[in-house]
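Visitor: Dropping in protein.cif, with mmCIF, C-alpha atoms.
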```
data_final
loop_
_atom_site.label_atom_id
_atom_site.label_comp_id
_atom_site.auth_asym_id
_atom_site.auth_seq_id
_atom_site.Cartn_x
_atom_site.Cartn_y
_atom_site.Cartn_z
CA MET A 1 105.27 45.31 39.36
CA LEU A 2 106.04 47.52 42.38
CA GLU A 3 104.69 44.78 44.66
CA SER A 4 107.49 42.46 43.45
CA VAL A 5 110.09 45.10 44.43
CA PHE A 6 108.74 45.94 47.88
CA LYS A 7 109.38 43.19 50.39
CA SER A 8 107.08 44.55 53.05
CA GLU A 9 104.44 47.18 53.81
CA ALA A 10 107.17 49.24 55.47
CA ASP A 11 109.07 49.32 52.17
CA ARG A 12 105.97 50.62 50.39
CA GLN A 13 105.39 53.35 52.97
CA GLY A 14 109.03 54.36 52.85
CA PHE A 15 108.91 54.66 49.06
CA TRP A 16 105.83 56.90 49.00
CA TYR A 17 107.18 59.03 51.86
CA SER A 18 110.45 59.58 49.97
CA ALA A 19 108.55 60.38 46.78
CA GLY A 20 106.43 62.98 48.60
CA ILE A 21 109.51 64.65 50.07
CA GLY A 22 111.08 64.75 46.60
CA VAL A 23 108.04 66.47 45.07
CA PHE A 24 107.94 69.03 47.91
CA VAL A 25 111.65 69.87 47.54
CA GLY A 26 111.20 70.17 43.78
CA LEU A 27 108.40 72.70 44.24
CA LEU A 28 110.55 74.76 46.64
CA ILE A 29 113.44 74.80 44.17
CA GLY A 30 111.08 75.82 41.35
CA ALA A 31 109.68 78.72 43.37
CA ALA A 32 113.19 79.91 44.27
CA LEU A 33 114.31 79.77 40.64
CA THR A 34 111.23 81.75 39.56
CA SER A 35 112.07 84.49 42.09
CA ILE A 36 115.72 84.61 40.99
CA VAL A 37 114.72 84.82 37.31
CA GLY A 38 112.43 87.77 38.11
CA ILE A 39 115.23 89.66 39.86
CA LEU A 40 117.67 88.94 37.03
CA ARG A 41 115.18 90.26 34.48
CA VAL A 42 114.90 93.55 36.37
CA HIS A 43 118.70 93.69 36.63
CA LYS A 44 119.10 93.13 32.88
CA ALA A 45 116.53 95.84 32.19
CA TYR A 46 118.52 98.20 34.40
CA GLU A 47 121.79 97.42 32.61
CA ALA A 48 120.28 97.75 29.13
CA ALA A 49 118.61 101.06 29.96
CA SER A 50 121.75 102.42 31.59
CA ALA A 51 123.93 101.50 28.61
CA SER A 52 121.58 103.06 26.08
CA ARG A 53 120.48 106.20 27.94
CA GLN A 54 123.29 107.27 30.27
CA PRO A 55 126.53 108.71 28.86
CA ALA A 56 129.65 106.86 30.00
CA ASN A 57 131.15 109.95 31.62
CA SER A 58 128.02 111.15 33.41
CA THR A 59 127.83 111.22 37.20
CA PRO A 60 124.96 109.15 38.64
CA ILE A 61 122.48 111.05 40.78
CA ALA A 62 122.99 110.19 44.44
CA LEU A 63 120.18 109.32 46.80
CA HIS A 64 119.94 111.49 49.91
CA ARG A 65 117.20 111.14 52.48
CA GLY A 66 115.26 114.38 52.62
CA PRO A 67 112.09 115.49 54.40
CA LEU A 68 108.86 113.53 54.46
CA ALA A 69 106.68 113.83 51.38
CA PRO A 70 103.69 116.17 51.79
CA ILE A 71 100.52 114.65 53.23
CA VAL A 72 97.99 113.62 50.60
CA GLN A 73 94.48 114.41 51.80
CA GLY A 74 91.35 115.45 49.89
CA PHE A 75 92.65 114.17 46.53
CA VAL A 76 90.95 111.84 44.04
CA ASP A 77 92.49 109.80 41.23
CA GLN A 78 91.61 109.56 37.53
CA ASN A 79 88.63 107.38 38.42
CA GLY A 80 87.28 109.76 41.06
CA ARG A 81 88.38 107.49 43.92
CA PRO A 82 89.81 109.14 47.08
CA VAL A 83 93.55 108.56 47.62
CA SER A 84 95.51 109.49 50.74
CA THR A 85 99.03 109.07 52.09
CA HIS A 86 97.92 105.84 53.77
CA ASP A 87 97.28 104.28 50.34
CA LEU A 88 100.82 105.06 49.16
CA LEU A 89 103.00 104.06 52.12
CA GLY A 90 105.27 101.03 51.89
CA LYS A 91 106.16 101.48 48.22
CA VAL A 92 108.77 103.37 46.25
CA ARG A 93 106.93 106.22 44.52
CA ILE A 94 107.87 107.73 41.17
CA VAL A 95 106.25 111.15 41.54
CA THR A 96 105.60 113.47 38.59
CA PHE A 97 103.50 116.55 37.81
CA LEU A 98 101.35 116.41 34.68
CA SER A 99 99.04 118.61 32.64
CA PRO A 100 96.38 116.53 30.81
CA LEU A 101 96.16 119.05 27.96
CA GLY A 102 99.91 119.64 27.71
CA ASP A 103 101.74 119.03 24.45
CA ARG A 104 105.32 119.39 25.69
CA TYR A 105 106.54 118.01 29.04
CA SER A 106 103.65 115.77 30.04
CA PRO A 107 103.27 113.43 27.03
CA LEU A 108 107.06 113.19 26.64
CA LEU A 109 107.51 112.28 30.31
CA VAL A 110 104.78 109.63 30.34
CA SER A 111 106.03 108.09 27.10
CA ASN A 112 109.53 107.92 28.57
CA LEU A 113 108.33 106.25 31.79
CA MET A 114 106.18 103.62 30.09
CA ASN A 115 109.14 101.27 29.48
CA LEU A 116 109.92 101.30 33.21
CA TYR A 117 106.22 100.88 34.05
CA GLN A 118 105.93 97.82 31.80
CA GLU A 119 109.15 96.23 33.09
CA LEU A 120 108.00 96.58 36.69
CA LYS A 121 104.59 95.19 35.76
CA ASP A 122 106.11 92.18 33.96
CA ASP A 123 108.23 91.38 37.01
CA GLY A 124 105.38 91.61 39.52
CA MET A 125 106.78 94.66 41.32
CA LEU A 126 104.29 97.25 40.09
CA GLY A 127 101.62 98.05 42.66
CA LYS A 128 103.31 95.88 45.30
CA GLN A 129 106.76 97.41 45.73
CA VAL A 130 106.65 100.38 43.33
CA THR A 131 103.88 102.73 42.28
CA PHE A 132 103.61 105.80 40.06
CA VAL A 133 101.98 108.98 41.37
CA SER A 134 101.27 112.11 39.34
CA TYR A 135 99.64 115.39 40.34
CA ASN A 136 97.40 117.34 37.98
CA VAL A 137 98.91 120.82 37.62
CA ASP A 138 95.92 122.08 35.63
CA PRO A 139 93.05 121.41 38.06
CA ALA A 140 91.24 124.64 37.13
CA HIS A 141 90.48 123.31 33.62
CA THR A 142 90.69 119.53 33.89
CA GLY A 143 89.51 116.77 36.22
CA PRO A 144 89.26 112.98 36.45
CA ALA A 145 87.60 112.61 33.03
CA GLN A 146 90.44 114.36 31.18
CA MET A 147 93.04 112.64 33.36
CA ALA A 148 91.60 109.23 32.50
CA ASP A 149 91.55 110.13 28.78
CA PHE A 150 95.18 111.26 29.04
CA PHE A 151 96.26 107.86 30.37
CA GLN A 152 94.26 106.03 27.72
CA GLN A 153 95.52 108.06 24.78
CA ILE A 154 99.10 108.88 25.79
CA ALA A 155 100.10 105.81 27.80
CA GLY A 156 97.75 103.28 26.23
CA ILE A 157 96.83 101.87 29.64
CA ASP A 158 93.41 101.32 31.15
CA PRO A 159 92.89 104.12 33.69
CA HIS A 160 90.65 101.86 35.79
CA THR A 161 93.29 99.17 36.33
CA ALA A 162 96.49 101.25 36.07
CA ASP A 163 98.96 101.13 38.97
CA TRP A 164 99.46 104.83 38.38
CA HIS A 165 97.66 107.32 40.61
CA PHE A 166 96.87 110.54 38.74
CA LEU A 167 95.66 112.83 41.54
CA THR A 168 93.73 116.08 41.58
CA ALA A 169 91.93 118.33 44.03
CA GLN A 170 90.81 121.93 44.32
CA PRO A 171 93.37 124.26 42.64
CA SER A 172 94.44 125.76 45.96
CA ALA A 173 95.04 122.30 47.48
CA VAL A 174 97.05 121.15 44.48
CA ARG A 175 99.19 124.29 44.49
CA LYS A 176 99.88 124.02 48.21
CA LEU A 177 100.97 120.37 47.95
CA VAL A 178 103.02 120.73 44.76
CA THR A 179 104.71 124.09 45.39
CA GLU A 180 105.08 124.05 49.18
CA GLY A 181 105.38 120.30 49.64
CA TYR A 182 107.53 119.36 46.65
CA GLY A 183 108.97 122.75 45.69
CA VAL A 184 107.74 122.53 42.08
CA HIS A 185 106.76 126.04 41.03
CA TYR A 186 104.53 125.57 38.00
CA ARG A 187 102.59 128.43 36.43
CA GLN A 188 100.12 129.14 33.65
CA ILE A 189 101.03 131.48 30.79
CA SER A 190 99.19 132.46 27.61
CA ALA A 191 99.97 130.91 24.25
CA ALA A 192 101.48 134.22 23.13
CA GLU A 193 103.75 134.37 26.19
CA TYR A 194 104.81 130.80 25.60
CA ALA A 195 105.73 131.54 22.00
CA LYS A 196 107.97 134.41 23.14
CA LEU A 197 109.53 132.27 25.88
CA SER A 198 110.25 129.46 23.41
CA ALA A 199 111.82 131.90 20.95
CA ARG A 200 114.16 133.23 23.66
CA GLN A 201 115.12 129.72 24.74
CA ARG A 202 115.86 128.67 21.16
CA ALA A 203 118.03 131.75 20.67
CA ASP A 204 119.96 130.86 23.83
CA GLY A 205 120.15 127.16 22.94
CA GLU A 206 118.09 126.22 25.99
CA TYR A 207 114.88 124.97 24.40
CA LEU A 208 114.60 121.21 24.98
CA TYR A 209 110.98 120.33 24.30
CA ALA A 210 109.64 119.64 20.84
CA LYS A 211 105.87 119.58 20.48
CA ALA A 212 104.50 116.14 21.30
CA VAL A 213 101.33 114.42 20.14
CA ASN A 214 98.46 114.81 22.59
CA PRO A 215 94.99 114.27 21.10
CA LEU A 216 93.43 116.04 24.09
CA ALA A 217 95.31 119.24 23.28
CA ALA A 218 93.93 119.10 19.75
CA GLN A 219 90.44 118.39 21.09
CA TYR A 220 90.26 121.12 23.75
CA LYS A 221 92.57 123.65 22.05
CA PRO A 222 93.71 125.42 25.25
CA ASP A 223 94.92 129.00 24.75
CA TYR A 224 97.46 128.63 27.56
CA HIS A 225 100.41 126.48 28.65
CA ILE A 226 101.43 125.17 32.07
CA ILE A 227 105.20 125.46 32.53
CA GLY A 228 107.74 124.77 35.26
CA HIS A 229 106.57 121.26 36.20
CA ASP A 230 109.01 119.02 34.33
CA GLU A 231 110.42 117.46 37.49
CA LEU A 232 110.45 113.99 39.02
CA VAL A 233 110.70 113.07 42.70
CA VAL A 234 111.56 109.65 44.14
CA VAL A 235 109.88 108.89 47.47
CA GLY A 236 110.94 105.91 49.58
CA PRO A 237 108.71 103.27 51.21
CA ARG A 238 108.64 105.20 54.50
CA ASP A 239 107.59 108.47 52.89
CA HIS A 240 110.97 110.25 52.73
CA VAL A 241 111.98 112.17 49.60
CA TRP A 242 115.19 110.60 48.26
CA ALA A 243 115.83 112.31 44.91
CA ARG A 244 114.69 115.34 42.89
CA ILE A 245 115.33 115.29 39.17
CA PRO A 246 114.85 118.33 36.87
CA ASP A 247 114.21 117.81 33.15
CA ALA A 248 112.28 114.68 34.09
CA SER A 249 111.11 113.97 30.54
CA THR A 250 114.72 113.07 29.67
CA VAL A 251 115.54 111.02 32.79
CA SER A 252 117.12 107.60 32.27
CA ASN A 253 114.93 104.64 33.19
CA GLY A 254 118.15 102.87 34.18
CA GLU A 255 118.83 105.56 36.76
CA LEU A 256 115.34 105.16 38.16
CA MET A 257 115.77 101.38 38.31
CA ARG A 258 118.97 101.92 40.30
CA PHE A 259 117.05 104.06 42.79
CA ILE A 260 114.30 101.45 43.10
CA ALA A 261 116.82 98.65 43.66
CA THR A 262 118.69 100.62 46.31
CA LEU A 263 115.58 101.66 48.24
CA LEU A 264 114.07 98.16 48.15
CA LYS A 265 117.43 96.45 48.83
CA LEU A 266 116.85 93.87 46.09
CA PRO A 267 119.40 91.01 46.21
CA GLY A 268 121.96 91.11 43.41
CA MET A 269 120.96 94.60 42.27
CA PRO A 270 123.20 97.69 42.21
CA GLY A 271 123.07 99.44 45.56
CA ALA A 272 121.69 96.47 47.49
CA ASP A 273 125.04 95.76 49.14
CA GLN A 274 125.57 99.35 50.32
CA PRO A 275 125.23 99.96 54.07
CA GLN A 276 121.84 101.27 55.10
CA PRO A 277 121.96 104.98 56.01
CA ALA A 278 121.12 106.14 59.51
CA GLY A 279 117.42 105.54 60.07
CA ALA A 280 115.17 103.17 58.19
CA LEU A 281 114.46 103.52 54.50
#
```
Represent the structure of the file as structure tokens.

Guide:
Amino acid sequence: MLESVFKSEADRQGFWYSAGIGVFVGLLIGAALTSIVGILRVHKAYEAASASRQPANSTPIALHRGPLAPIVQGFVDQNGRPVSTHDLLGKVRIVTFLSPLGDRYSPLLVSNLMNLYQELKDDGMLGKQVTFVSYNVDPAHTGPAQMADFFQQIAGIDPHTADWHFLTAQPSAVRKLVTEGYGVHYRQISAAEYAKLSARQRADGEYLYAKAVNPLAAQYKPDYHIIGHDELVVVGPRDHVWARIPDASTVSNGELMRFIATLLKLPGMPGADQPQPAGAL
């Protein structure tokens, strides 16, 4: 049938050439639409989280470029694999400080961040543009085995494939990095001291942390608590600290998404049209 339409071999060649160009252009348009849909999904997640978690009259936390993040050297992750600063560069880092046996800050914080983790994973940004990094603030009693169990039981994610680096080292190395490098002054107190501290905070209306479910705490039954580590730090792709957030277990995922969008300069996202500060991000 096509032979009756084409008057010459040149007509046939012209037809197939035009058809090939059409298919190629269609594939380019499809790829562009897929990228745009991904960005819009992240934007919608940001808006939904902001509307549900952030009070209308609250003041957003501003990003300010601070010092370089402390050098990571001599640390291993939850799988016992060495991790250094080189492995973390080029990505926005959501940095936290966790106790695997904790039943207050740590499980609450991880549960809160899992929505953001899943959204970033669904949109192909996790591990490529954004990564999660946590430091073990109880290295004297726990190591990679307990850290891996913590991820499995609290976050429900496979510690071997997680784009979340849970790092530990010798206690002195951890304390130096966390307290001197990030300014997070955690400490260990006895269960009796913690009970007294909690009672004083309740009396003053300052106690924010209800006991959370952590099967590891029930399994190991520690007679101590690690306190003073409920903070979150945002580190930019070029290793600068950009935000420090106290009471991290209550932080809005929408606020964190805003930080990520600004630091990555994502098109169509809040903060992407702001002028770049002096120096590279």

Visitor: Assuming the chain letters and numbering stay as they are in my file, what does the PyMOL selection byres ((chain A and resi 108) around 10) actually select? List them as a JSON list (two decimals) with C-alpha atoms, in the coordinates of the input.

Guide:
```
[["chain", "number", "residue", "atom", "x", "y", "z"],
["A", 102, "GLY", "CA", 99.91, 119.64, 27.71],
["A", 103, "ASP", "CA", 101.74, 119.03, 24.45],
["A", 104, "ARG", "CA", 105.32, 119.39, 25.69],
["A", 105, "TYR", "CA", 106.54, 118.01, 29.04],
["A", 106, "SER", "CA", 103.65, 115.77, 30.04],
["A", 107, "PRO", "CA", 103.27, 113.43, 27.03],
["A", 109, "LEU", "CA", 107.51, 112.28, 30.31],
["A", 110, "VAL", "CA", 104.78, 109.63, 30.34],
["A", 111, "SER", "CA", 106.03, 108.09, 27.10],
["A", 112, "ASN", "CA", 109.53, 107.92, 28.57],
["A", 113, "LEU", "CA", 108.33, 106.25, 31.79],
["A", 154, "ILE", "CA", 99.10, 108.88, 25.79],
["A", 209, "TYR", "CA", 110.98, 120.33, 24.30],
["A", 210, "ALA", "CA", 109.64, 119.64, 20.84],
["A", 211, "LYS", "CA", 105.87, 119.58, 20.48],
["A", 212, "ALA", "CA", 104.50, 116.14, 21.30],
["A", 213, "VAL", "CA", 101.33, 114.42, 20.14],
["A", 214, "ASN", "CA", 98.46, 114.81, 22.59],
["A", 230, "ASP", "CA", 109.01, 119.02, 34.33],
["A", 248, "ALA", "CA", 112.28, 114.68, 34.09],
["A", 249, "SER", "CA", 111.11, 113.97, 30.54],
["A", 250, "THR", "CA", 114.72, 113.07, 29.67]]
```

Visitor: Starting from the PyMOL selection byres ((chain A and resi 159) around 8), expand the selection into actual residues of this file and give them as a ChimeraX atom specification.

Guide: /A:78-79,148-149,151-152,157-158,160-162

Visitor: One decimal, in Å: what's the spacing between CA of Gly127 (chain A) and CA of Pro70 (chain A)?

Guide: 20.4 Å

Visitor: Enumerate, as an NGL selection string, the protein, DNA and RNA residues whose atoms approach (101.8, 109.0, 50.4) to within 7 Å, taking into account all atoms listed in the file and the coordinate frame of the file.

Guide: :A and (69 or 71-72 or 84-89 or 239)

Visitor: For CA of Lys128 (chain A) and CA of Lys91 (chain A), quote the distance in Å rounded to one decimal.

Guide: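 These two atoms are separated by 6.9 Å.
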
Visitor: Evaluating the PyMOL selection byres ((chain A and resi 101) around 6) on the displayed file yields which residues, as number ranges by chain?

Guide: A: 99-100, 102, 216-217

Visitor: Work out how far CA of Arg187 (chain A) is from CA of Ala218 (chain A), in Å to one decimal.

Guide: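 Answer for the CA of Ala218 (chain A) to CA of Arg187 (chain A) separation: 21.0 Å.
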
Visitor: With distances taken over only C-alpha atoms, which of A:Val76, A:Ala140, A:Val235, A:Val92 is nearest to Ser172 (chain A)?

Guide: A:Ala140

Visitor: Find the residues near Gly143 (chain A): any atom within 10 Å, counting only C-alpha atoms, skip ones fewer than 2 places away on the same chain, and give them as an mmCIF file with C-alpha atoms, in the coordinates of the input.

Guide:
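So selection_33.cif came out as:
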```cif
data_model
loop_
_atom_site.group_PDB
_atom_site.id
_atom_site.type_symbol
_atom_site.label_atom_id
_atom_site.label_comp_id
_atom_site.auth_asym_id
_atom_site.auth_seq_id
_atom_site.Cartn_x
_atom_site.Cartn_y
_atom_site.Cartn_z
ATOM 1 C CA VAL A 76 90.950 111.840 44.040
ATOM 2 C CA ASP A 77 92.490 109.800 41.230
ATOM 3 C CA GLN A 78 91.610 109.560 37.530
ATOM 4 C CA ASN A 79 88.630 107.380 38.420
ATOM 5 C CA GLY A 80 87.280 109.760 41.060
ATOM 6 C CA PRO A 100 96.380 116.530 30.810
ATOM 7 C CA ASN A 136 97.400 117.340 37.980
ATOM 8 C CA ASP A 138 95.920 122.080 35.630
ATOM 9 C CA PRO A 139 93.050 121.410 38.060
ATOM 10 C CA ALA A 140 91.240 124.640 37.130
ATOM 11 C CA HIS A 141 90.480 123.310 33.620
ATOM 12 C CA ALA A 145 87.600 112.610 33.030
ATOM 13 C CA GLN A 146 90.440 114.360 31.180
ATOM 14 C CA MET A 147 93.040 112.640 33.360
ATOM 15 C CA ALA A 148 91.600 109.230 32.500
ATOM 16 C CA PHE A 166 96.870 110.540 38.740
ATOM 17 C CA LEU A 167 95.660 112.830 41.540
ATOM 18 C CA THR A 168 93.730 116.080 41.580
ATOM 19 C CA ALA A 169 91.930 118.330 44.030
ATOM 20 C CA GLN A 170 90.810 121.930 44.320
#
```

Visitor: What's the 9 Å shell around Leu63 (chain A), counting all atoms listed in the file, without same-chain residues fewer than 2 positions away, as a ChimeraX atom specification?

Guide: /A:61,65,242-243,259,262

Visitor: Restricting it to C-alpha atoms, dump the selection as a compact mmCIF listing (two decimals), keeping the file's coordinate frame.

Guide:
```txt
# COMPACT_ATOMS: atom_id res chain seq x y z
CA ILE A 61 122.48 111.05 40.78
CA ARG A 65 117.20 111.14 52.48
CA TRP A 242 115.19 110.60 48.26
CA ALA A 243 115.83 112.31 44.91
CA PHE A 259 117.05 104.06 42.79
CA THR A 262 118.69 100.62 46.31
```

Visitor: Find the residue from A:Leu68, A:Leu266, A:Ile245, A:Met114 that sits nearest to Gly156 (chain A); use only C-alpha atoms when measuring.

Guide: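 Selected residue with least distance to Gly156 (chain A): A:Met114.
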
Visitor: Please provide the set of residues having any atom within 8 Å of region 181-184 of chain A, restricted to only C-alpha atoms, with same-chain residues fewer than 3 positions apart removed, written as a PyMOL selection string.

Guide: chain A and resi 69-70+176-178+228-229+231

Visitor: Could you write those residues out with C-alpha atoms, as a PDB file, in the frame of the given file?

Guide:
```pdb
ATOM      1  CA  ALA A  69     106.680 113.830  51.380  1.00  0.00           C
ATOM      2  CA  PRO A  70     103.690 116.170  51.790  1.00  0.00           C
ATOM      3  CA  LYS A 176      99.880 124.020  48.210  1.00  0.00           C
ATOM      4  CA  LEU A 177     100.970 120.370  47.950  1.00  0.00           C
ATOM      5  CA  VAL A 178     103.020 120.730  44.760  1.00  0.00           C
ATOM      6  CA  GLY A 228     107.740 124.770  35.260  1.00  0.00           C
ATOM      7  CA  HIS A 229     106.570 121.260  36.200  1.00  0.00           C
ATOM      8  CA  GLU A 231     110.420 117.460  37.490  1.00  0.00           C
TER       9      GLU A 231
END
```
